[in-house]
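Asks: One file: upload17.pdb (PDB, C-alpha atoms).
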ATOM      1  CA  MET A   1       1.926  11.137   8.811
ATOM      2  CA  LEU A   2      -1.712  10.451   9.624
ATOM      3  CA  LEU A   3      -3.771  13.577  10.102
ATOM      4  CA  PRO A   4      -7.361  14.797   9.984
ATOM      5  CA  GLY A   5      -8.516  16.181   6.667
ATOM      6  CA  ASP A   6      -9.667  19.452   8.189
ATOM      7  CA  ASP A   7      -6.816  21.665   6.850
ATOM      8  CA  ASP A   8      -6.072  22.912  10.381
ATOM      9  CA  VAL A   9      -2.388  22.728  11.308
ATOM     10  CA  ALA A  10      -3.360  22.742  14.994
ATOM     11  CA  SER A  11      -5.266  19.439  14.690
ATOM     12  CA  PRO A  12      -3.667  16.353  16.249
ATOM     13  CA  ASP A  13      -1.555  14.092  14.074
ATOM     14  CA  VAL A  14       0.711  11.089  14.395
ATOM     15  CA  SER A  15       3.823  10.502  12.326
ATOM     16  CA  TRP A  16       6.466   7.888  11.770
ATOM     17  CA  SER A  17       9.320   7.302   9.404
ATOM     18  CA  TYR A  18       8.453   4.741   6.713
ATOM     19  CA  THR A  19      10.355   2.151   8.746
ATOM     20  CA  GLY A  20       8.633   3.188  11.961
ATOM     21  CA  PHE A  21       5.180   2.980  10.379
ATOM     22  CA  SER A  22       6.029  -0.446   8.982
ATOM     23  CA  MET A  23       7.130  -1.671  12.416
ATOM     24  CA  PHE A  24       3.972  -0.236  13.995
ATOM     25  CA  ARG A  25       1.724  -1.975  11.484
ATOM     26  CA  LYS A  26       3.609  -5.258  11.902
ATOM     27  CA  TRP A  27       3.073  -4.971  15.660
ATOM     28  CA  LEU A  28      -0.654  -4.296  15.186
ATOM     29  CA  ALA A  29      -0.988  -7.241  12.795
ATOM     30  CA  GLN A  30       0.724  -9.457  15.349
ATOM     31  CA  ALA A  31      -1.747  -8.242  17.979
ATOM     32  CA  GLU A  32      -4.496  -9.275  15.550
ATOM     33  CA  GLY A  33      -3.018 -12.762  15.199
ATOM     34  CA  PHE A  34      -1.324 -12.669  11.811
ATOM     35  CA  THR A  35       1.984 -11.733  10.241
ATOM     36  CA  LEU A  36       1.865  -8.673   7.996
ATOM     37  CA  THR A  37       4.687  -9.902   5.739
ATOM     38  CA  GLU A  38       2.556 -12.943   4.832
ATOM     39  CA  MET A  39      -0.131 -10.652   3.409
ATOM     40  CA  ASN A  40      -0.668  -9.744  -0.232
ATOM     41  CA  GLY A  41       0.941  -6.372  -0.802
ATOM     42  CA  PHE A  42       3.510  -6.913   1.947
ATOM     43  CA  GLY A  43       5.566  -9.681   0.367
ATOM     44  CA  GLY A  44       3.228 -12.602   0.936
ATOM     45  CA  GLU A  45       0.362 -14.221  -0.891
ATOM     46  CA  ARG A  46      -2.278 -14.421   1.839
ATOM     47  CA  GLN A  47      -5.401 -12.512   0.823
ATOM     48  CA  TRP A  48      -6.819  -9.814   3.068
ATOM     49  CA  ARG A  49     -10.283 -11.362   2.939
ATOM     50  CA  SER A  50      -8.838 -14.254   4.977
ATOM     51  CA  VAL A  51      -8.206 -11.892   7.912
ATOM     52  CA  SER A  52     -10.973 -10.662  10.163
ATOM     53  CA  THR A  53      -9.968  -7.371  11.758
ATOM     54  CA  THR A  54     -11.473  -3.909  11.888
ATOM     55  CA  LEU A  55      -7.889  -2.634  11.516
ATOM     56  CA  ALA A  56      -7.601  -3.893   7.921
ATOM     57  CA  PRO A  57      -8.209  -0.414   6.413
ATOM     58  CA  LEU A  58      -5.181   0.882   8.327
ATOM     59  CA  LEU A  59      -2.999  -2.163   7.853
ATOM     60  CA  ASN A  60      -3.706  -2.653   4.145
ATOM     61  CA  HIS A  61      -3.230   0.936   3.002
ATOM     62  CA  PRO A  62      -0.515   2.807   1.098
ATOM     63  CA  ASP A  63       1.921   4.501   3.447
ATOM     64  CA  ASP A  64       1.624   8.051   2.218
ATOM     65  CA  GLU A  65      -1.418   8.602   0.041
ATOM     66  CA  GLY A  66      -5.158   8.312   0.282
ATOM     67  CA  SER A  67      -7.543   8.530   3.191
ATOM     68  CA  LEU A  68      -9.995   6.656   5.386
ATOM     69  CA  ALA A  69     -13.576   7.753   5.941
ATOM     70  CA  PRO A  70     -14.793   8.827   9.397
ATOM     71  CA  ALA A  71     -16.879   5.629   9.599
ATOM     72  CA  GLN A  72     -13.747   3.526   9.059
ATOM     73  CA  CYS A  73     -12.001   5.510  11.797
ATOM     74  CA  ALA A  74     -14.927   4.898  14.143
ATOM     75  CA  ALA A  75     -14.893   1.167  13.398
ATOM     76  CA  MET A  76     -11.201   0.885  14.321
ATOM     77  CA  LEU A  77     -11.407   2.749  17.632
ATOM     78  CA  PRO A  78     -12.814  -0.048  19.831
ATOM     79  CA  ARG A  79     -10.167  -2.516  18.694
ATOM     80  CA  LEU A  80      -7.310  -0.045  19.167
ATOM     81  CA  GLU A  81      -8.623   0.785  22.635
ATOM     82  CA  ALA A  82      -8.768  -2.939  23.466
ATOM     83  CA  ILE A  83      -5.178  -3.411  22.279
ATOM     84  CA  LEU A  84      -4.137  -0.454  24.391
ATOM     85  CA  ASP A  85      -5.883  -1.895  27.458
ATOM     86  CA  GLN A  86      -4.290  -5.322  26.914
ATOM     87  CA  ARG A  87      -0.771  -3.996  26.384
ATOM     88  CA  GLN A  88      -0.534  -1.333  29.085
ATOM     89  CA  SER A  89       0.450  -3.904  31.698
ATOM     90  CA  ASP A  90       3.229  -5.125  29.374
ATOM     91  CA  ASP A  91       5.028  -1.807  28.966
ATOM     92  CA  SER A  92       8.445  -2.589  30.458
ATOM     93  CA  ALA A  93      10.364  -2.768  27.164
ATOM     94  CA  PRO A  94      11.115   0.557  25.443
ATOM     95  CA  VAL A  95       9.751  -0.683  22.111
ATOM     96  CA  ILE A  96       6.462  -1.692  23.732
ATOM     97  CA  ARG A  97       6.205   1.689  25.456
ATOM     98  CA  ARG A  98       6.719   3.321  22.043
ATOM     99  CA  ARG A  99       3.985   1.200  20.417
ATOM    100  CA  ILE A 100       1.591   1.976  23.279
ATOM    101  CA  GLU A 101       2.260   5.697  22.849
ATOM    102  CA  ASP A 102       1.734   5.334  19.084
ATOM    103  CA  VAL A 103      -1.645   3.671  19.696
ATOM    104  CA  ARG A 104      -2.625   6.475  22.096
ATOM    105  CA  LYS A 105      -1.731   9.129  19.519
ATOM    106  CA  LEU A 106      -3.552   7.269  16.755
ATOM    107  CA  ILE A 107      -6.671   6.941  18.929
ATOM    108  CA  THR A 108      -6.584  10.706  19.545
ATOM    109  CA  VAL A 109      -6.393  11.422  15.807
ATOM    110  CA  LEU A 110      -9.114   8.899  14.944
ATOM    111  CA  ARG A 111     -11.458  10.293  17.607
ATOM    112  CA  PHE A 112     -10.861  13.787  16.242
ATOM    113  CA  CYS A 113     -11.727  12.595  12.711
ATOM    114  CA  VAL A 114     -14.917  10.960  13.961
ATOM    115  CA  ASP A 115     -15.954  13.946  16.090
ATOM    116  CA  LYS A 116     -15.306  16.455  13.281
ATOM    117  CA  ASP A 117     -16.595  14.082  10.563
ATOM    118  CA  VAL A 118     -13.430  14.422   8.465
ATOM    119  CA  GLU A 119     -11.274  11.869   6.687
ATOM    120  CA  LEU A 120      -8.027  10.499   8.048
ATOM    121  CA  ILE A 121      -5.349  11.532   5.563
ATOM    122  CA  PHE A 122      -2.225   9.494   4.847
ATOM    123  CA  GLY A 123       0.385  12.060   3.951
TER     124      GLY A 123
END
Is it possible to give me this structure as C-alpha cells?

Replies:
Amino acid sequence: MLLPGDDDVASPDVSWSYTGFSMFRKWLAQAEGFTLTEMNGFGGERQWRSVSTTLAPLLNHPDDEGSLAPAQCAAMLPRLEAILDQRQSDDSAPVIRRRIEDVRKLITVLRFCVDKDVELIFG
C-alpha cells in the first residue's frame, strides 16, 4: 500500500498485492524503456545510474517499507501524467485499463502528498 504519511485514514491510498505491485512497476519500467528484471535488485546486474527516469525512486524501492519525500513525489508527477496521457488511447485490454487506473490512483496520492507536504509511505 502506498499512502500519505499524514496519519489520516480518510486520505487517499493505492494498494496492490505484492504480485500486482511488481507487475505495475514492470509496466512502468517498460514505459520508461527498460526491463525491470534486468535491474540490480530485481534479478539483473544493470545499475540504476544507467537509467534516466524520474520514476526511479518508485521503481527502485522496497515493496513495503520506507518512504519518499514530497519533493520526490512532485518530481514523478509530470512523468506519470505523461504516461497516463499516452496510454489512455490504448485502453482496450483489461490489463491496460487496470494499469491506467493504477496510475490515476497513484497520481491522486502523490498530489495529496505534495499538497499536504507529507511523505509517501510504503506500507

Asks: So which one's closest to Leu59 of chain A, A:Arg99, A:Lys26, A:Arg79, A:Arg87? Using all atoms listed in the file, please.

Replies: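 Ranked by minimum distance to Leu59 of chain A, first place goes to A:Lys26.
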
Asks: Running the PyMOL selection byres ((chain A and resi 42-44) around 12) on this model by hand, what would come out? Give it as a tab-separated table (two decimals) with C-alpha atoms, keeping the file's coordinate frame.

Replies:
chain	number	residue	atom	x	y	z
A	22	SER	CA	6.03	-0.45	8.98
A	25	ARG	CA	1.72	-1.98	11.48
A	26	LYS	CA	3.61	-5.26	11.90
A	29	ALA	CA	-0.99	-7.24	12.80
A	34	PHE	CA	-1.32	-12.67	11.81
A	35	THR	CA	1.98	-11.73	10.24
A	36	LEU	CA	1.86	-8.67	8.00
A	37	THR	CA	4.69	-9.90	5.74
A	38	GLU	CA	2.56	-12.94	4.83
A	39	MET	CA	-0.13	-10.65	3.41
A	40	ASN	CA	-0.67	-9.74	-0.23
A	41	GLY	CA	0.94	-6.37	-0.80
A	45	GLU	CA	0.36	-14.22	-0.89
A	46	ARG	CA	-2.28	-14.42	1.84
A	47	GLN	CA	-5.40	-12.51	0.82
A	48	TRP	CA	-6.82	-9.81	3.07
A	59	LEU	CA	-3.00	-2.16	7.85
A	60	ASN	CA	-3.71	-2.65	4.14
A	61	HIS	CA	-3.23	0.94	3.00
A	62	PRO	CA	-0.52	2.81	1.10
A	63	ASP	CA	1.92	4.50	3.45

Asks: With all atoms listed in the file as the counted atoms, please give the residues lying no more than 10 Å from Val14 of chain A, apart from itself and same-chain residues fewer than 3 positions off, as number ranges by chain.

Replies: A: 1-4, 102-109

Asks: Record the distance separating atom CA of Leu84 of chain A and atom CA of Asp117 of chain A, expressed in Å with one decimal.

Replies: 23.6 Å

Asks: Could you jot down the atom CA of Ala31 of chain A to atom CA of Leu55 of chain A separation for me, Å, one decimal place?

Replies: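 Separation of atom CA of Ala31 of chain A and atom CA of Leu55 of chain A: 10.5 Å.
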
Asks: Let me know the residues the PyMOL selection byres ((chain A and resi 67) around 10) catches in the file above, as JSON, numbers by chain.

Replies: {"A": [2, 3, 4, 5, 57, 58, 61, 62, 64, 65, 66, 68, 69, 70, 72, 118, 119, 120, 121, 122, 123]}

Asks: Quick one: residues within 8 Å of Arg111 of chain A, all atoms listed in the file, excluding same-chain residues fewer than 5 positions away - as a PyMOL selection string?

Replies: chain A and resi 73-74+77

Asks: Quick one: pull the distance between atom CA of Asp13 of chain A and atom CA of Leu110 of chain A, Å, one decimal.

Replies: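 It comes out at 9.2 Å.
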
Asks: Apply the PyMOL selection byres ((chain A and resi 98) around 12) to the structure shown and report the selected residues as a list in words.

Replies: Trp16, Gly20, Phe21, Met23, Phe24, Trp27, Leu84, Arg87, Gln88, Asp90, Asp91, Ser92, Ala93, Pro94, Val95, Ile96, Arg97, Arg99, Ile100, Glu101, Asp102, Val103, Arg104 and Lys105 of chain A

Asks: Using the incomplete input, complete segment 56-67 of chain A to the level of all heavy atoms; output as a compact mmCIF listing (two decimals), keeping the file's coordinate frame.

Replies:
# COMPACT_ATOMS: atom_id res chain seq x y z
N ALA A 56 -8.04 -3.66 9.30
CA ALA A 56 -7.60 -3.89 7.92
C ALA A 56 -7.47 -2.60 7.09
O ALA A 56 -6.50 -2.46 6.35
CB ALA A 56 -8.52 -4.89 7.22
N PRO A 57 -8.38 -1.64 7.21
CA PRO A 57 -8.21 -0.41 6.41
C PRO A 57 -6.91 0.33 6.72
O PRO A 57 -6.32 0.95 5.83
CB PRO A 57 -9.42 0.45 6.80
CG PRO A 57 -10.45 -0.53 7.26
CD PRO A 57 -9.65 -1.63 7.93
N LEU A 58 -6.44 0.26 7.94
CA LEU A 58 -5.18 0.88 8.33
C LEU A 58 -3.99 0.03 7.91
O LEU A 58 -2.99 0.53 7.39
CB LEU A 58 -5.14 1.11 9.84
CG LEU A 58 -3.82 1.62 10.42
CD1 LEU A 58 -3.56 3.06 9.95
CD2 LEU A 58 -3.84 1.54 11.93
N LEU A 59 -4.11 -1.26 8.13
CA LEU A 59 -3.00 -2.16 7.85
C LEU A 59 -2.76 -2.37 6.36
O LEU A 59 -1.62 -2.48 5.93
CB LEU A 59 -3.24 -3.51 8.54
CG LEU A 59 -3.32 -3.46 10.06
CD1 LEU A 59 -3.72 -4.83 10.61
CD2 LEU A 59 -2.01 -3.00 10.66
N ASN A 60 -3.81 -2.41 5.59
CA ASN A 60 -3.71 -2.65 4.14
C ASN A 60 -3.95 -1.35 3.40
O ASN A 60 -4.93 -1.19 2.68
CB ASN A 60 -4.71 -3.72 3.71
CG ASN A 60 -4.56 -4.08 2.25
OD1 ASN A 60 -3.50 -3.93 1.66
ND2 ASN A 60 -5.64 -4.55 1.65
N HIS A 61 -3.07 -0.39 3.60
CA HIS A 61 -3.23 0.94 3.00
C HIS A 61 -1.87 1.46 2.58
O HIS A 61 -0.88 1.22 3.28
CB HIS A 61 -3.85 1.89 4.03
CG HIS A 61 -4.41 3.13 3.43
ND1 HIS A 61 -3.62 4.17 3.04
CD2 HIS A 61 -5.68 3.47 3.14
CE1 HIS A 61 -4.38 5.12 2.54
NE2 HIS A 61 -5.64 4.71 2.59
N PRO A 62 -1.79 2.19 1.46
CA PRO A 62 -0.52 2.81 1.10
C PRO A 62 0.00 3.70 2.22
O PRO A 62 -0.79 4.32 2.95
CB PRO A 62 -0.86 3.64 -0.14
CG PRO A 62 -2.08 3.00 -0.71
CD PRO A 62 -2.84 2.46 0.47
N ASP A 63 1.29 3.76 2.35
CA ASP A 63 1.92 4.50 3.45
C ASP A 63 1.64 5.99 3.43
O ASP A 63 1.51 6.60 4.49
CB ASP A 63 3.45 4.33 3.42
CG ASP A 63 3.88 2.93 3.76
OD1 ASP A 63 3.05 2.14 4.23
OD2 ASP A 63 5.07 2.63 3.56
N ASP A 64 1.60 6.59 2.26
CA ASP A 64 1.62 8.05 2.22
C ASP A 64 0.68 8.68 1.20
O ASP A 64 0.93 9.76 0.70
CB ASP A 64 3.04 8.55 1.98
CG ASP A 64 3.62 8.05 0.66
OD1 ASP A 64 2.93 7.31 -0.07
OD2 ASP A 64 4.77 8.40 0.38
N GLU A 65 -0.41 8.01 0.91
CA GLU A 65 -1.42 8.60 0.04
C GLU A 65 -2.78 8.02 0.35
O GLU A 65 -2.90 6.92 0.87
CB GLU A 65 -1.08 8.38 -1.44
CG GLU A 65 -1.07 6.92 -1.84
CD GLU A 65 -0.70 6.72 -3.29
OE1 GLU A 65 0.42 7.08 -3.68
OE2 GLU A 65 -1.56 6.20 -4.02
N GLY A 66 -3.80 8.78 0.07
CA GLY A 66 -5.16 8.31 0.28
C GLY A 66 -5.71 8.72 1.64
O GLY A 66 -5.10 9.50 2.37
N SER A 67 -6.87 8.16 1.95
CA SER A 67 -7.54 8.53 3.19
C SER A 67 -8.49 7.41 3.62
O SER A 67 -8.76 6.49 2.87
CB SER A 67 -8.34 9.82 2.99
OG SER A 67 -9.35 9.63 2.01
